[in-house]
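Novice: Got a file for you: model09.txt, compact mmCIF, C-alpha atoms.
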```txt
# COMPACT_ATOMS: atom_id res chain seq x y z
CA MET A 1024 104.03 120.20 83.63
CA LYS A 1025 107.17 122.06 84.75
CA GLU A 1026 106.86 120.48 88.21
CA HIS A 1027 106.45 117.02 86.62
CA ILE A 1028 109.68 117.44 84.65
CA LYS A 1029 111.47 118.66 87.78
CA ASP A 1030 110.22 115.59 89.69
CA ASN A 1031 111.42 113.25 86.95
CA LEU A 1032 114.80 114.97 86.87
CA MET A 1033 115.13 114.47 90.62
CA ASN A 1034 114.10 110.82 90.15
CA PHE A 1035 116.81 110.48 87.49
CA PHE A 1036 119.56 111.58 89.87
CA ILE A 1037 118.25 109.35 92.66
CA ILE A 1038 118.07 106.39 90.25
CA VAL A 1039 121.63 106.97 89.00
CA THR A 1040 122.95 107.04 92.56
CA LEU A 1041 121.03 103.93 93.59
CA VAL A 1042 122.06 102.03 90.42
CA ASN A 1043 125.70 102.76 91.25
CA ILE A 1044 125.18 101.28 94.71
CA VAL A 1045 123.34 98.24 93.30
CA ILE A 1046 126.08 97.61 90.73
CA PHE A 1047 128.69 97.80 93.48
CA ILE A 1048 126.84 95.42 95.81
CA SER A 1049 125.70 92.90 93.20
CA GLY A 1050 129.06 92.99 91.41
CA SER A 1051 130.92 92.44 94.67
CA LEU A 1052 128.71 89.45 95.50
CA MET A 1053 128.29 87.84 92.07
CA ALA A 1054 131.50 88.68 90.21
CA PRO A 1055 134.14 90.07 92.59
CA GLU A 1056 137.01 89.14 90.26
CA GLN A 1057 135.60 91.07 87.29
CA ASN A 1058 137.11 94.45 86.42
CA LEU A 1059 135.03 97.27 84.98
CA THR A 1060 135.94 99.55 82.10
CA TYR A 1061 135.20 103.23 81.80
CA THR A 1062 132.13 102.48 79.69
CA ALA A 1063 130.59 100.89 82.80
CA PHE A 1064 130.13 104.42 84.15
CA LEU A 1065 127.49 104.96 81.45
CA VAL A 1066 125.26 102.12 82.69
CA PRO A 1067 123.75 104.06 85.64
CA ILE A 1068 123.11 107.08 83.41
CA ILE A 1069 121.41 104.95 80.76
CA ASP A 1070 119.43 103.10 83.43
CA GLY A 1071 118.41 106.44 84.94
CA LEU A 1072 117.16 107.69 81.58
CA LEU A 1073 115.34 104.43 80.88
CA GLY A 1074 113.87 104.47 84.38
CA ILE A 1075 112.18 107.84 83.99
CA ILE A 1076 110.63 107.15 80.57
CA PRO A 1077 107.43 105.59 81.98
CA GLY A 1078 107.08 108.48 84.44
CA LEU A 1079 107.30 111.00 81.61
CA VAL A 1080 104.90 109.08 79.38
CA MET A 1081 102.30 108.36 82.06
CA TYR A 1082 101.87 112.01 83.10
CA SER A 1083 98.30 113.06 83.87
CA LYS A 1084 97.02 116.53 84.74
CA ARG A 1085 93.97 115.21 86.56
CA GLU A 1086 93.98 114.01 90.15
CA LEU A 1087 93.96 110.22 90.43
CA THR A 1088 92.15 108.12 93.00
CA VAL A 1089 94.26 105.94 95.30
CA LYS A 1090 93.29 102.83 93.31
CA GLN A 1091 94.23 104.51 90.01
CA MET A 1092 97.53 105.65 91.50
CA ILE A 1093 98.37 102.12 92.69
CA VAL A 1094 97.52 100.67 89.27
CA ARG A 1095 99.66 103.35 87.61
CA GLU A 1096 102.60 102.58 89.91
CA ILE A 1097 102.33 98.84 89.14
CA ILE A 1098 102.18 99.52 85.39
CA GLN A 1099 105.11 101.90 85.71
CA LEU A 1100 107.21 99.33 87.63
CA LEU A 1101 106.41 96.59 85.11
CA SER A 1102 107.26 98.96 82.24
CA ILE A 1103 110.60 99.85 83.81
CA GLU A 1104 111.34 96.16 84.44
CA LEU A 1105 110.64 95.28 80.80
CA ILE A 1106 112.61 98.25 79.44
CA ILE A 1107 115.67 97.52 81.59
CA LEU A 1108 115.58 93.77 80.91
CA PHE A 1109 115.23 94.37 77.17
CA PHE A 1110 118.09 96.87 77.04
CA THR A 1111 120.26 94.67 79.25
CA PHE A 1112 119.66 91.32 77.56
CA GLY A 1113 117.92 92.09 74.24
CA PHE A 1114 115.74 89.56 72.45
CA SER A 1115 118.48 86.95 72.13
CA GLY A 1116 119.52 87.17 75.78
CA PHE A 1117 116.78 84.96 77.23
CA SER A 1118 118.75 81.75 77.75
CA ALA A 1119 118.54 79.32 80.67
CA GLU A 1120 122.00 80.16 82.01
CA LYS A 1121 121.14 83.88 82.19
CA ILE A 1122 117.96 83.39 84.22
CA PRO A 1123 119.68 83.93 87.63
CA LEU A 1124 121.24 87.15 86.34
CA MET A 1125 117.92 88.28 84.89
CA ILE A 1126 116.19 87.61 88.22
CA THR A 1127 118.92 89.57 90.00
CA VAL A 1128 118.46 92.50 87.60
CA ALA A 1129 114.66 92.40 88.00
CA ILE A 1130 114.93 92.35 91.80
CA SER A 1131 117.48 95.18 91.69
CA VAL A 1132 115.16 97.28 89.51
CA ALA A 1133 112.27 96.69 91.93
CA VAL A 1134 114.46 97.60 94.93
CA VAL A 1135 115.67 100.80 93.23
CA TYR A 1136 112.06 101.66 92.28
CA VAL A 1137 110.88 101.30 95.88
CA LEU A 1138 113.89 103.17 97.27
CA VAL A 1139 113.29 106.09 94.89
CA TYR A 1140 109.77 106.44 96.27
CA VAL A 1141 110.93 106.11 99.87
CA ILE A 1142 113.60 108.78 99.34
CA ARG A 1143 111.12 111.04 97.53
CA PHE A 1144 108.63 110.54 100.38
CA PHE A 1145 111.15 111.75 102.96
CA LEU A 1146 112.22 114.66 100.75
CA ASP A 1147 108.55 115.65 100.31
CA ILE A 1148 107.99 115.47 104.08
CA ARG A 1149 111.00 117.74 104.59
CA SER A 1150 109.69 120.21 101.99
CA ALA A 1151 106.21 120.18 103.52
CA LYS A 1152 107.65 120.85 106.99
CA LYS A 1153 109.70 123.76 105.66
CA MET A 1154 106.65 125.25 103.92
CA THR A 1155 104.59 124.85 107.10
CA ASP A 1156 107.30 126.54 109.17
CA ASP A 1157 107.53 129.37 106.60
CA LEU A 1158 103.75 129.84 106.67
CA LYS A 1159 103.75 129.95 110.47
CA ALA A 1160 106.53 132.53 110.42
CA PHE A 1161 104.62 134.58 107.83
CA GLN A 1162 101.42 134.41 109.88
CA ALA A 1163 103.34 135.42 113.00
CA SER A 1164 104.82 138.41 111.17
CA LEU A 1165 101.33 139.43 110.01
CA SER A 1166 100.00 139.12 113.56
CA ALA A 1167 102.90 141.17 114.88
CA GLY A 1168 102.17 143.84 112.26
CA ASP A 1169 98.51 143.99 113.33
CA ARG A 1170 99.53 144.50 116.94
CA GLN A 1171 101.81 147.40 116.05
CA GLU A 1172 99.02 149.39 114.42
```
Rewrite the structure from the file as structure tokens, please.

Specialist:
Amino acid sequence: MKEHIKDNLMNFFIIVTLVNIVIFISGSLMAPEQNLTYTAFLVPIIDGLLGIIPGLVMYSKRELTVKQMIVREIIQLLSIELIILFFTFGFSGFSAEKIPLMITVAISVAVVYVLVYVIRFFLDIRSAKKMTDDLKAFQASLSAGDRQE
């Protein structure tokens, strides 16, 4: 459970960083004349918190099959999409003129979701390589100790 919380915390910081980048890019393209206030700095933090909720709720101690994992990831992405869209637009926000913005937000959420997993994948590879190198060094030190005796 401790490792799961640590993973979600890492996801939070990755999400916040990526949301900042997405806001910059989409804002520059869709509304370059608009100025942001200081409260806009809270949006990535709120989105980061909202983005990890499904990951915290869908925790399982048992090992999942590949099919179960894929289904879980799809449910998690759809949950995040719905949560972000609801908190961004609310119930009254579903009007025809907001549909392009809603599509942009939904695509941005999906892109951030995928990028979080890609980044985590590369971080996990790096950690696995370090552990493998440490194990090899440990085994070499044990072998060297056997030779000295």

Novice: Just want the 12 Å neighbourhood of stretch 1071-1085 of chain A, counted on all atoms listed in the file, with same-chain residues fewer than 3 positions away dropped. Output as number ranges by chain.

Specialist: A: 1024-1043, 1064-1068, 1088, 1091-1092, 1094-1111, 1132-1133, 1135-1136, 1139

Novice: Those same residues, written as a PDB file, in the frame of the given file with C-alpha atoms?

Specialist:
```pdb
ATOM      1  CA  MET A1024     104.030 120.200  83.630  1.00  0.00           C
ATOM      2  CA  LYS A1025     107.170 122.060  84.750  1.00  0.00           C
ATOM      3  CA  GLU A1026     106.860 120.480  88.210  1.00  0.00           C
ATOM      4  CA  HIS A1027     106.450 117.020  86.620  1.00  0.00           C
ATOM      5  CA  ILE A1028     109.680 117.440  84.650  1.00  0.00           C
ATOM      6  CA  LYS A1029     111.470 118.660  87.780  1.00  0.00           C
ATOM      7  CA  ASP A1030     110.220 115.590  89.690  1.00  0.00           C
ATOM      8  CA  ASN A1031     111.420 113.250  86.950  1.00  0.00           C
ATOM      9  CA  LEU A1032     114.800 114.970  86.870  1.00  0.00           C
ATOM     10  CA  MET A1033     115.130 114.470  90.620  1.00  0.00           C
ATOM     11  CA  ASN A1034     114.100 110.820  90.150  1.00  0.00           C
ATOM     12  CA  PHE A1035     116.810 110.480  87.490  1.00  0.00           C
ATOM     13  CA  PHE A1036     119.560 111.580  89.870  1.00  0.00           C
ATOM     14  CA  ILE A1037     118.250 109.350  92.660  1.00  0.00           C
ATOM     15  CA  ILE A1038     118.070 106.390  90.250  1.00  0.00           C
ATOM     16  CA  VAL A1039     121.630 106.970  89.000  1.00  0.00           C
ATOM     17  CA  THR A1040     122.950 107.040  92.560  1.00  0.00           C
ATOM     18  CA  LEU A1041     121.030 103.930  93.590  1.00  0.00           C
ATOM     19  CA  VAL A1042     122.060 102.030  90.420  1.00  0.00           C
ATOM     20  CA  ASN A1043     125.700 102.760  91.250  1.00  0.00           C
ATOM     21  CA  PHE A1064     130.130 104.420  84.150  1.00  0.00           C
ATOM     22  CA  LEU A1065     127.490 104.960  81.450  1.00  0.00           C
ATOM     23  CA  VAL A1066     125.260 102.120  82.690  1.00  0.00           C
ATOM     24  CA  PRO A1067     123.750 104.060  85.640  1.00  0.00           C
ATOM     25  CA  ILE A1068     123.110 107.080  83.410  1.00  0.00           C
ATOM     26  CA  THR A1088      92.150 108.120  93.000  1.00  0.00           C
ATOM     27  CA  GLN A1091      94.230 104.510  90.010  1.00  0.00           C
ATOM     28  CA  MET A1092      97.530 105.650  91.500  1.00  0.00           C
ATOM     29  CA  VAL A1094      97.520 100.670  89.270  1.00  0.00           C
ATOM     30  CA  ARG A1095      99.660 103.350  87.610  1.00  0.00           C
ATOM     31  CA  GLU A1096     102.600 102.580  89.910  1.00  0.00           C
ATOM     32  CA  ILE A1097     102.330  98.840  89.140  1.00  0.00           C
ATOM     33  CA  ILE A1098     102.180  99.520  85.390  1.00  0.00           C
ATOM     34  CA  GLN A1099     105.110 101.900  85.710  1.00  0.00           C
ATOM     35  CA  LEU A1100     107.210  99.330  87.630  1.00  0.00           C
ATOM     36  CA  LEU A1101     106.410  96.590  85.110  1.00  0.00           C
ATOM     37  CA  SER A1102     107.260  98.960  82.240  1.00  0.00           C
ATOM     38  CA  ILE A1103     110.600  99.850  83.810  1.00  0.00           C
ATOM     39  CA  GLU A1104     111.340  96.160  84.440  1.00  0.00           C
ATOM     40  CA  LEU A1105     110.640  95.280  80.800  1.00  0.00           C
ATOM     41  CA  ILE A1106     112.610  98.250  79.440  1.00  0.00           C
ATOM     42  CA  ILE A1107     115.670  97.520  81.590  1.00  0.00           C
ATOM     43  CA  LEU A1108     115.580  93.770  80.910  1.00  0.00           C
ATOM     44  CA  PHE A1109     115.230  94.370  77.170  1.00  0.00           C
ATOM     45  CA  PHE A1110     118.090  96.870  77.040  1.00  0.00           C
ATOM     46  CA  THR A1111     120.260  94.670  79.250  1.00  0.00           C
ATOM     47  CA  VAL A1132     115.160  97.280  89.510  1.00  0.00           C
ATOM     48  CA  ALA A1133     112.270  96.690  91.930  1.00  0.00           C
ATOM     49  CA  VAL A1135     115.670 100.800  93.230  1.00  0.00           C
ATOM     50  CA  TYR A1136     112.060 101.660  92.280  1.00  0.00           C
ATOM     51  CA  VAL A1139     113.290 106.090  94.890  1.00  0.00           C
TER      52      VAL A1139
END
```

Novice: Which residue, A:Ala1151, A:Val1128, A:Ile1069, A:Ala1119, has the smallest gap to A:Ser1049 when you use only C-alpha atoms?

Specialist: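 Checking each candidate against A:Ser1049, we get A:Val1128 as the closest.
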
Novice: Quote the spacing between atom CA of A:Ile1122 and atom CA of A:Val1137 in Å to one decimal place.

Specialist: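 Distance reported for this atom pair: 22.5 Å.
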
Novice: With all atoms listed in the file counted, which protein, DNA or RNA residues have an atom no more than 9 Å from (121.9, 92.7, 94.6) in the file frame? Please answer as number ranges by chain.

Specialist: A: 1045-1050, 1052-1053, 1127-1128, 1130-1131, 1134

Novice: Would you work out the distance separating atom CA of A:Lys1121 from atom CA of A:Ala1054, expressed in Å to one decimal?

Specialist: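 Between atom CA of A:Lys1121 and atom CA of A:Ala1054 the gap is 14.0 Å.
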
Novice: Work out how far apart atom CA of A:Leu1138 and atom CA of A:Ile1044 are and give it in Å to one decimal.

Specialist: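 Spanning atom CA of A:Leu1138 to atom CA of A:Ile1044 is a straight-line distance of 11.7 Å.
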